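Source file: entry-v9.cif; contents: mmCIF, C-alpha atoms and all ligand atoms.
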data_structure
#
loop_
_atom_site.label_atom_id
_atom_site.label_comp_id
_atom_site.auth_asym_id
_atom_site.auth_seq_id
_atom_site.Cartn_x
_atom_site.Cartn_y
_atom_site.Cartn_z
CA MET O 1 127.56 142.08 122.86
CA PRO O 2 130.12 143.06 120.19
CA LEU O 3 129.01 142.51 116.59
CA HIS O 4 131.71 139.95 115.90
CA ALA O 5 130.42 137.90 118.86
CA THR O 6 126.92 137.53 117.45
CA PRO O 7 126.02 133.86 117.77
CA ALA O 8 126.10 132.19 114.36
CA ALA O 9 127.40 128.73 113.66
CA PRO O 10 128.21 126.69 116.77
CA LEU O 11 131.84 126.13 117.72
CA PRO O 12 132.21 122.36 117.29
CA PHE O 13 135.65 122.25 118.86
CA LEU O 14 134.02 123.25 122.16
CA ASP O 15 131.45 120.43 121.97
CA PRO O 16 132.42 117.90 124.68
CA ASP O 17 130.27 115.24 123.01
CA LEU O 18 132.44 115.15 119.88
CA PRO O 19 135.42 112.77 119.81
CA LEU O 20 138.67 114.57 120.54
CA PRO O 21 140.28 113.98 117.10
CA GLN O 22 137.23 115.60 115.48
CA ARG O 23 137.40 118.55 117.89
CA VAL O 24 141.09 119.04 117.10
CA ALA O 25 140.34 118.89 113.36
CA GLU O 26 137.56 121.48 113.79
CA TRP O 27 139.89 123.74 115.72
CA LYS O 28 142.70 123.31 113.15
CA ALA O 29 140.38 124.39 110.35
CA LEU O 30 139.73 127.66 112.20
CA SER O 31 143.21 128.28 113.54
CA SER O 32 144.31 130.56 110.70
CA ARG O 33 141.39 132.94 111.33
CA TYR O 34 141.12 135.82 113.74
CA PRO O 35 139.50 134.28 116.84
CA PHE O 36 137.09 137.14 117.66
CA ARG O 37 134.00 134.99 118.18
CA GLU O 38 135.93 132.18 119.84
CA GLU O 39 137.49 134.72 122.19
CA TYR O 40 134.09 136.01 123.20
CA VAL O 41 132.69 132.51 123.72
CA LEU O 42 135.72 131.54 125.83
CA LYS O 43 135.32 134.70 127.92
CA GLU O 44 131.66 133.88 128.47
CA MET O 45 132.53 130.36 129.60
CA LEU O 46 135.22 131.62 131.98
CA ALA O 47 132.98 134.37 133.36
CA GLN O 48 130.23 131.84 134.04
CA ARG O 49 132.66 129.45 135.74
CA GLU O 50 134.19 132.18 137.90
CA GLY O 51 130.87 133.94 138.63
CA VAL O 52 132.01 137.31 137.25
CA ALA O 53 130.98 139.57 134.37
CA VAL O 54 132.42 138.94 130.90
CA GLU O 55 133.97 142.42 131.11
CA ASN O 56 136.10 141.20 134.01
CA ILE O 57 137.85 138.54 131.92
CA VAL O 58 141.01 139.47 130.01
CA LEU O 59 142.69 137.01 127.66
CA GLY O 60 146.27 137.28 126.47
CA ASN O 61 148.99 135.46 124.59
CA GLY O 62 150.52 134.10 127.74
CA CYS O 63 150.60 135.47 131.22
CA ASP O 64 153.30 138.04 130.49
CA GLU O 65 151.01 139.94 128.15
CA ILE O 66 148.40 140.25 130.91
CA LEU O 67 151.06 141.40 133.38
CA ALA O 68 152.27 144.02 130.88
CA LEU O 69 148.72 145.25 130.33
CA ALA O 70 148.07 145.46 134.08
CA ALA O 71 151.30 147.39 134.62
CA ALA O 72 150.63 149.78 131.71
CA ALA O 73 147.08 150.40 132.93
CA HIS O 74 147.86 150.99 136.60
CA LEU O 75 151.53 151.77 137.22
CA GLY O 76 153.62 154.87 136.59
CA ALA O 77 155.56 157.51 138.49
CA GLY O 78 154.18 157.85 142.01
CA ALA O 79 152.32 154.54 141.94
CA GLU O 80 153.22 151.51 144.05
CA LEU O 81 153.11 147.77 143.47
CA VAL O 82 153.11 145.38 146.43
CA ALA O 83 154.92 142.08 145.71
CA THR O 84 156.57 139.21 147.53
CA GLU O 85 160.35 138.95 147.46
CA PRO O 86 161.40 136.98 145.53
CA THR O 87 158.69 136.42 142.93
CA TYR O 88 158.30 136.04 139.18
CA PHE O 89 160.13 139.12 137.94
CA GLN O 90 158.08 140.31 135.00
CA ILE O 91 155.61 142.72 136.58
CA THR O 92 158.12 144.09 139.06
CA ASP O 93 160.43 144.86 136.12
CA TYR O 94 157.60 146.59 134.28
CA ALA O 95 156.80 148.58 137.42
CA GLU O 96 160.36 149.84 137.75
CA LYS O 97 160.62 150.67 134.04
CA LEU O 98 157.40 152.67 134.30
CA GLY O 99 158.78 154.65 137.25
CA ALA O 100 156.59 153.00 139.89
CA THR O 101 157.91 151.81 143.27
CA VAL O 102 157.86 148.14 144.27
CA ARG O 103 157.07 147.56 147.94
CA TRP O 104 158.73 144.22 148.55
CA VAL O 105 157.33 141.95 151.26
CA PRO O 106 159.59 139.03 152.31
CA PHE O 107 158.35 135.45 152.29
CA THR O 108 157.36 133.73 155.49
CA ARG O 109 159.88 131.20 156.86
CA THR O 110 158.07 128.47 154.90
CA MET O 111 158.51 130.52 151.69
CA HIS O 112 154.80 131.35 151.40
CA HIS O 113 153.27 134.75 150.73
CA ASP O 114 152.95 136.69 153.95
CA LEU O 115 149.40 137.84 153.29
CA PRO O 116 148.94 139.97 156.44
CA ALA O 117 152.26 141.71 155.73
CA MET O 118 151.23 142.26 152.10
CA ALA O 119 147.94 143.76 153.24
CA ALA O 120 149.83 145.98 155.69
CA ALA O 121 152.11 147.19 152.86
CA VAL O 122 149.14 148.56 150.92
CA GLY O 123 149.02 152.32 151.12
CA PRO O 124 147.33 155.23 149.39
CA LYS O 125 149.72 154.98 146.40
CA THR O 126 149.23 151.23 145.91
CA LYS O 127 147.70 150.48 142.52
CA LEU O 128 148.38 146.75 142.29
CA VAL O 129 149.09 143.84 144.61
CA TYR O 130 150.87 141.00 142.81
CA VAL O 131 150.28 137.52 144.19
CA CYS O 132 151.92 134.91 141.99
CA ASN O 133 150.25 131.63 142.92
CA PRO O 134 151.83 129.10 142.59
CA ASP O 135 154.87 131.27 142.98
CA ASN O 136 158.06 131.26 140.97
CA PRO O 137 160.82 130.62 142.07
CA SER O 138 159.57 129.18 145.40
CA GLY O 139 157.02 126.79 143.90
CA THR O 140 154.84 127.27 146.98
CA MET O 141 151.15 127.97 146.71
CA ARG O 142 148.10 128.74 148.79
CA PRO O 143 144.46 127.83 148.08
CA ALA O 144 142.50 130.65 146.45
CA THR O 145 140.26 130.87 149.53
CA ARG O 146 143.23 132.28 151.50
CA PHE O 147 143.33 135.44 149.39
CA GLY O 148 139.99 136.80 150.57
CA SER O 149 141.81 138.75 153.26
CA LEU O 150 143.61 140.79 150.60
CA ALA O 151 140.48 141.85 148.72
C1 LIG O 201 154.93 132.61 137.43
C2 LIG O 201 155.05 132.83 135.97
N1 LIG O 201 154.14 133.65 135.37
C3 LIG O 201 154.21 133.85 134.05
C4 LIG O 201 155.19 133.27 133.27
C5 LIG O 201 155.19 133.56 131.80
O1 LIG O 201 154.13 132.89 131.27
P1 LIG O 201 153.72 133.02 129.74
O2 LIG O 201 154.68 132.17 128.96
O3 LIG O 201 152.33 132.49 129.75
O4 LIG O 201 153.79 134.48 129.36
C6 LIG O 201 156.14 132.42 133.85
C7 LIG O 201 157.18 131.80 133.06
O5 LIG O 201 158.07 131.14 133.56
C8 LIG O 201 156.06 132.21 135.24
O6 LIG O 201 156.93 131.42 135.88
#
If you took the structure in this file and wrote it as structure tokens, what would it be?
Amino acid sequence: MPLHATPAAPLPFLDPDLPLPQRVAEWKALSSRYPFREEYVLKEMLAQREGVAVENIVLGNGCDEILALAAAAHLGAGAELVATEPTYFQITDYAEKLGATVRWVPFTRTMHHDLPAMAAAVGPKTKLVYVCNPDNPSGTMRPATRFGSLA
């Protein structure tokens, strides 16, 4: 556990037994501080809920930051990203700017991700498969259980 995450005082704004106005006030009092400990506690809570290790949880200031980090970590010249066409543009833009190739997979006729086609598009150069769910701009979504076939 990182030093800054060492348990010390509790985090009252996470206490579900406190009235909401008090939780908001507690959070406001801390909001001008670096949230190192809060970040760690939130990661622990998410890891427990999702049944994964804390190291598998990444937090960001919005989704775009996470997409940029994923692209920077995995994509570059010679690498491939598999994505549905159309989809939320951010990571496909990053991929192209980094010199990676986007392997576009068209929607199904109902504008859902074509998961078998996406799986078939994965090749030896594939570093990331981007499944935006719910998708933008289609607005369609699939239950998380449907993605097991891609893993
Ligand atoms: C599918 C999708 N992902 C991510 C974003 C960006 O999210 P954030 O503001 O959290 O970076 C948007 C914004 O429209 C979006 O539609």
Between atom CA of O:Leu30 and atom CA of O:Glu50 lies a distance of 26.7 Å
Of the candidates O:Thr145, O:Gln90, O:Thr140, O:Thr101, which shows the shortest atom-to-atom distance to ligand LIG 201 (chain O), using only C-alpha atoms and all ligand atoms?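 Using only C-alpha atoms and all ligand atoms, ligand LIG 201 (chain O) sits closest to O:Gln90.
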With only C-alpha atoms and all ligand atoms counted, collect every polymer residue having an atom within 8 Å of ligand LIG 201 (chain O); state the result as a list in words.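 Those residues are Asn61, Gly62, Cys63, Asp64, Glu65, Thr87, Tyr88, Gln90, Cys132, Asn133, Pro134, Asp135, Asn136 and Pro137 of chain O.
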Go ahead and write the selection's residues with C-alpha atoms as a PDB file, in the frame of the given file.
ATOM      1  CA  ASN O  61     148.990 135.460 124.590  1.00  0.00           C
ATOM      2  CA  GLY O  62     150.520 134.100 127.740  1.00  0.00           C
ATOM      3  CA  CYS O  63     150.600 135.470 131.220  1.00  0.00           C
ATOM      4  CA  ASP O  64     153.300 138.040 130.490  1.00  0.00           C
ATOM      5  CA  GLU O  65     151.010 139.940 128.150  1.00  0.00           C
ATOM      6  CA  THR O  87     158.690 136.420 142.930  1.00  0.00           C
ATOM      7  CA  TYR O  88     158.300 136.040 139.180  1.00  0.00           C
ATOM      8  CA  GLN O  90     158.080 140.310 135.000  1.00  0.00           C
ATOM      9  CA  CYS O 132     151.920 134.910 141.990  1.00  0.00           C
ATOM     10  CA  ASN O 133     150.250 131.630 142.920  1.00  0.00           C
ATOM     11  CA  PRO O 134     151.830 129.100 142.590  1.00  0.00           C
ATOM     12  CA  ASP O 135     154.870 131.270 142.980  1.00  0.00           C
ATOM     13  CA  ASN O 136     158.060 131.260 140.970  1.00  0.00           C
ATOM     14  CA  PRO O 137     160.820 130.620 142.070  1.00  0.00           C
TER      15      PRO O 137
END
Quick one: residues within 12 Å of stretch 20-29 of chain O, all atoms listed in the file counted, chain neighbours fewer than 6 positions away excluded, as a ChimeraX atom specification? /O:10-14,35,38
Within 9 Å of stretch 114-121 of chain O, counting all atoms listed in the file, which residues show up once you throw out same-chain ones fewer than 6 positions away? Write them as a PyMOL selection string, please. chain O and resi 82-84+103-108+129+146-147+149-151
Anything within 10 Å of (146.1, 151.7, 145.3): list those residues as JSON, numbers by chain, counting all atoms listed in the file and sticking to the file's coordinates. {"O": [74, 75, 79, 80, 81, 82, 122, 123, 124, 125, 126, 127, 128, 129]}
Please report the interatomic distance between atom CA of O:Leu59 and atom CA of O:Tyr130 in Å with one decimal. 17.7 Å
N, CA and C atoms are what I want for stretch 110-124 of chain O; can you complete it accordingly and write them as a PDB file, in the coordinates of the input?
ATOM      1  N   THR O 110     158.368 129.660 155.718  1.00  0.00           N
ATOM      2  CA  THR O 110     158.070 128.470 154.900  1.00  0.00           C
ATOM      3  C   THR O 110     158.020 128.836 153.413  1.00  0.00           C
ATOM      4  N   MET O 111     158.477 130.024 153.070  1.00  0.00           N
ATOM      5  CA  MET O 111     158.510 130.520 151.690  1.00  0.00           C
ATOM      6  C   MET O 111     157.114 130.638 151.074  1.00  0.00           C
ATOM      7  N   HIS O 112     156.147 131.043 151.903  1.00  0.00           N
ATOM      8  CA  HIS O 112     154.800 131.350 151.400  1.00  0.00           C
ATOM      9  C   HIS O 112     154.615 132.866 151.406  1.00  0.00           C
ATOM     10  N   HIS O 113     153.601 133.327 150.665  1.00  0.00           N
ATOM     11  CA  HIS O 113     153.270 134.750 150.730  1.00  0.00           C
ATOM     12  C   HIS O 113     152.853 135.107 152.144  1.00  0.00           C
ATOM     13  N   ASP O 114     153.356 136.209 152.630  1.00  0.00           N
ATOM     14  CA  ASP O 114     152.950 136.690 153.950  1.00  0.00           C
ATOM     15  C   ASP O 114     151.765 137.635 153.733  1.00  0.00           C
ATOM     16  N   LEU O 115     150.581 137.058 153.683  1.00  0.00           N
ATOM     17  CA  LEU O 115     149.400 137.840 153.290  1.00  0.00           C
ATOM     18  C   LEU O 115     149.105 139.004 154.235  1.00  0.00           C
ATOM     19  N   PRO O 116     149.178 138.803 155.562  1.00  0.00           N
ATOM     20  CA  PRO O 116     148.940 139.970 156.440  1.00  0.00           C
ATOM     21  C   PRO O 116     149.969 141.072 156.198  1.00  0.00           C
ATOM     22  N   ALA O 117     151.235 140.686 155.988  1.00  0.00           N
ATOM     23  CA  ALA O 117     152.260 141.710 155.730  1.00  0.00           C
ATOM     24  C   ALA O 117     152.016 142.397 154.389  1.00  0.00           C
ATOM     25  N   MET O 118     151.541 141.644 153.408  1.00  0.00           N
ATOM     26  CA  MET O 118     151.230 142.260 152.100  1.00  0.00           C
ATOM     27  C   MET O 118     150.087 143.255 152.262  1.00  0.00           C
ATOM     28  N   ALA O 119     149.075 142.853 153.018  1.00  0.00           N
ATOM     29  CA  ALA O 119     147.940 143.760 153.240  1.00  0.00           C
ATOM     30  C   ALA O 119     148.410 145.023 153.962  1.00  0.00           C
ATOM     31  N   ALA O 120     149.330 144.829 154.921  1.00  0.00           N
ATOM     32  CA  ALA O 120     149.830 145.980 155.690  1.00  0.00           C
ATOM     33  C   ALA O 120     150.675 146.913 154.820  1.00  0.00           C
ATOM     34  N   ALA O 121     151.265 146.372 153.737  1.00  0.00           N
ATOM     35  CA  ALA O 121     152.110 147.190 152.860  1.00  0.00           C
ATOM     36  C   ALA O 121     151.291 148.050 151.894  1.00  0.00           C
ATOM     37  N   VAL O 122     149.999 147.771 151.827  1.00  0.00           N
ATOM     38  CA  VAL O 122     149.140 148.560 150.920  1.00  0.00           C
ATOM     39  C   VAL O 122     148.936 149.956 151.506  1.00  0.00           C
ATOM     40  N   GLY O 123     149.183 150.933 150.695  1.00  0.00           N
ATOM     41  CA  GLY O 123     149.020 152.320 151.120  1.00  0.00           C
ATOM     42  C   GLY O 123     148.233 153.110 150.102  1.00  0.00           C
ATOM     43  N   PRO O 124     148.134 154.407 150.303  1.00  0.00           N
ATOM     44  CA  PRO O 124     147.330 155.230 149.390  1.00  0.00           C
ATOM     45  C   PRO O 124     147.861 155.264 147.958  1.00  0.00           C
TER      46      PRO O 124
END
